[in-house]
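Trainee: One structure is given below, represented as structure tokens, and several questions about it will come after.
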Amino acid sequence: MTDRPALRRRLRDQRRALAAPARIAAAERLAGHLLEMPELPRTGYVAGYWASDGEIGLHVFQMRLPGGLRYCLPVLHGDVLRFAPWRAGDPLVTNRYGIPEPDVEPSSALDARDMSVVITPLVGFDARGHRLGMGGGWYDRSFAFRLEQGAPPLLVGAGFAQQQLDALDAAEWDVPLDAVATESGILRPPPSP
Ligand SMILES: Nc1nc2c(c(=O)[nH]1)N(C=O)[C@@H](CNc1ccc(C(=O)N[C@@H](CCC(=O)O)C(=O)O)cc1)CN2
Ligand SMILES: Nc1ncnc2c1ncn2[C@@H]1O[C@H](COP(=O)(O)OP(=O)(O)OP(=O)(O)O)[C@@H](O)[C@H]1O
């Protein structure tokens with residue numbers, strides 16, 4: 001068994017330590033890889049996130065999204081995530097974790113099932129698409145339905161290549177990612193037996 005809290009601390013420290021020019025270049029390359037994914041639909045809702053704590057940024061990706069795709073940000077609602085369309089300039093509020101989210105009534109925001117694509121933040125990941133997040137279980141609870149059905153929504157993790165781990169043991173509730181995008185490219189986990 002891995003010590004998940006210790007692993008999170010180490011990976012988060014490494015992520016914050018990345019120099020600004022490297023993180024800007026990485027976000028730019030990440031956007032290019034995401035936008036070239038053949039699985040990316042031309043219309044629908046795309047969930048991103050507001051990068052915090054050194055997470056790889058999605059601003060370039062958001063700005064270059066094809067016109068038919070609406071960019072959304074997560075909104076905490078009860079114990080799950082909902083999503084609200086957000087464009088630069090739209091009002092924001094700070095959630096309990098200090099992360100900005102669209103200033104909308106959470107109960108009126110879109111359901112996880114309404115998303116075509118979800119770009120998830122990552123603390124760590126492995127080649128099988130196992131994801132280590134911040135530890136709140138938000139993405140796992142919100143997308144638990146993906147354990148019983150296929151995409152959509154397509155779940156794509158986003159992170160720096162340095163966040164890849166050899167192997168991450170998955171908990172029974174961990175929802176595997178369909179792909180992981182980094183500055184180095186797109187990693188597609190082999191189908192699990
Ligand atoms: N940018 C971003 N937005 C996101 C997530 C994320 O990982 N990144 N989330 C992914 O689930 C959700 C929020 N989940 C979170 C879960 C735990 C902590 C956390 O532990 N934060 C503090 C300590 C707790 C606190 O301040 O109350 C920390 O930095 O240690 C933060 C966010 C939704 N929005
Ligand atoms: N489908 C679920 N049903 C009930 N509880 C869940 C579910 N998914 C996750 N949890 C709870 O969430 C807690 C945190 O899970 P985990 O460590 O996998 O979070 P994470 O994926 O790193 O976090 P996040 O998604 O917020 O970035 C677990 O200990 C578990 O109690």
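Letters A, B, ... mark the chains of the structure tokens in the order given; residue numbers begin at 1 per chain; ligand numbers begin at 1, in order shown.
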All residues within 6 Å of ligand 2 are required, counting only C-alpha atoms and all ligand atoms; please report them as a list of chain:residue names.
Mentor: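 Those residues are A:Leu132, A:Gly133, A:Met134, A:Gly135, A:Gly136, A:Gly137, A:Trp138, A:Tyr139, A:Asp140, A:Arg141, A:Ala144, A:Trp173, A:Asp174.
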Trainee: Can you check which residues of region 107-184 of chain A DSSP gives as strand (DSSP E or B) on the backbone and send them as a PyMOL selection string?
Mentor: chain A and resi 110+117-121+124-125+131-132+154-158+164+179-182
Trainee: Could you write those residues out with C-alpha atoms, as a short mmCIF file (atom, residue, chain, number, x, y, z; two decimals), in the first residue's frame?
Mentor:
data_model
loop_
_atom_site.label_atom_id
_atom_site.label_comp_id
_atom_site.auth_asym_id
_atom_site.auth_seq_id
_atom_site.Cartn_x
_atom_site.Cartn_y
_atom_site.Cartn_z
CA LEU A 110 -25.19 21.64 -15.05
CA VAL A 117 -15.55 16.10 -22.02
CA VAL A 118 -14.09 16.61 -18.56
CA ILE A 119 -10.52 17.75 -18.07
CA THR A 120 -9.64 16.72 -14.52
CA PRO A 121 -6.88 18.20 -12.38
CA GLY A 124 -0.48 12.13 -9.87
CA PHE A 125 -1.35 9.54 -12.52
CA ARG A 131 -5.65 9.20 -10.91
CA LEU A 132 -4.47 10.65 -7.61
CA LEU A 154 -14.81 11.57 -21.85
CA LEU A 155 -12.54 11.87 -18.81
CA VAL A 156 -9.13 13.33 -19.58
CA GLY A 157 -6.62 14.07 -16.82
CA ALA A 158 -4.28 17.03 -17.28
CA GLN A 164 3.52 10.34 -13.74
CA ALA A 179 -6.72 9.54 -21.36
CA VAL A 180 -4.09 11.69 -19.67
CA ALA A 181 -2.73 14.81 -21.35
CA THR A 182 0.63 16.35 -20.50
#
Trainee: Given a cut-off of 10 Å, what residues near ligand 1 show up using only C-alpha atoms and all ligand atoms, put as number ranges by chain?
Mentor: A: 8-9, 12, 48-58, 73-76, 80-83, 95-101, 120-123, 132-142
Trainee: If I take CA of Ala161 (chain A) and CA of Arg146 (chain A), how far is one from the other in Å, to one decimal?
Mentor: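 Here the two named atoms are 25.1 Å from each other.
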Trainee: Write out as a short mmCIF file (atom, residue, chain, number, x, y, z; two decimals) with C-alpha atoms, in the first residue's frame the residues lying within 10 Å of Met63 (chain A), counting only C-alpha atoms and excluding same-chain residues fewer than 5 positions away.
Mentor:
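Written output follows (result-v3.cif):
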data_model
loop_
_atom_site.label_atom_id
_atom_site.label_comp_id
_atom_site.auth_asym_id
_atom_site.auth_seq_id
_atom_site.Cartn_x
_atom_site.Cartn_y
_atom_site.Cartn_z
CA ALA A 31 -3.46 22.89 -25.10
CA LEU A 58 -5.99 25.49 -19.03
CA TYR A 71 -16.04 25.88 -21.41
CA ARG A 87 -16.00 33.06 -19.91
CA ALA A 88 -13.30 35.57 -18.97
#
Trainee: By how many Å are CA of Ser107 (chain A) and CA of Pro66 (chain A) apart?
Mentor: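 Interatomic distance here is 27.8 Å.
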Trainee: Please determine, counting only C-alpha atoms, which residue among A:Val175, A:Ala84, A:Leu40, A:Leu18 has the shortest atom-to-atom distance to Ser116 (chain A).
Mentor: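 Of all the options, A:Leu40 lies closest to Ser116 (chain A).
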Trainee: Here is a test: counting only C-alpha atoms, which residue of A:Asp178, A:Glu172, A:Asp13, A:Asp90 is nearest to Ser192 (chain A)?
Mentor: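 Looking only at the distances to Ser192 (chain A), the closest residue turns out to be A:Asp178.
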Trainee: Using only C-alpha atoms, pick whichever of A:His59, A:Ala17, A:Glu105, A:Leu92 has the shortest atom-to-atom distance to His77 (chain A).
Mentor: A:Glu105
Trainee: If you count only C-alpha atoms, which residues fall within 9 Å of Asp114 (chain A), apart from same-chain ones fewer than 5 positions away, as a list of chain:residue names?
Mentor: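 So the residues in contact are A:Gly44, A:Tyr45, A:Phe83, A:Pro152, A:Pro153.
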Trainee: As a PyMOL selection string, please: every residue in region 48-169 of chain A that DSSP puts in alpha helix (DSSP H).
Mentor: chain A and resi 59-64+138-142
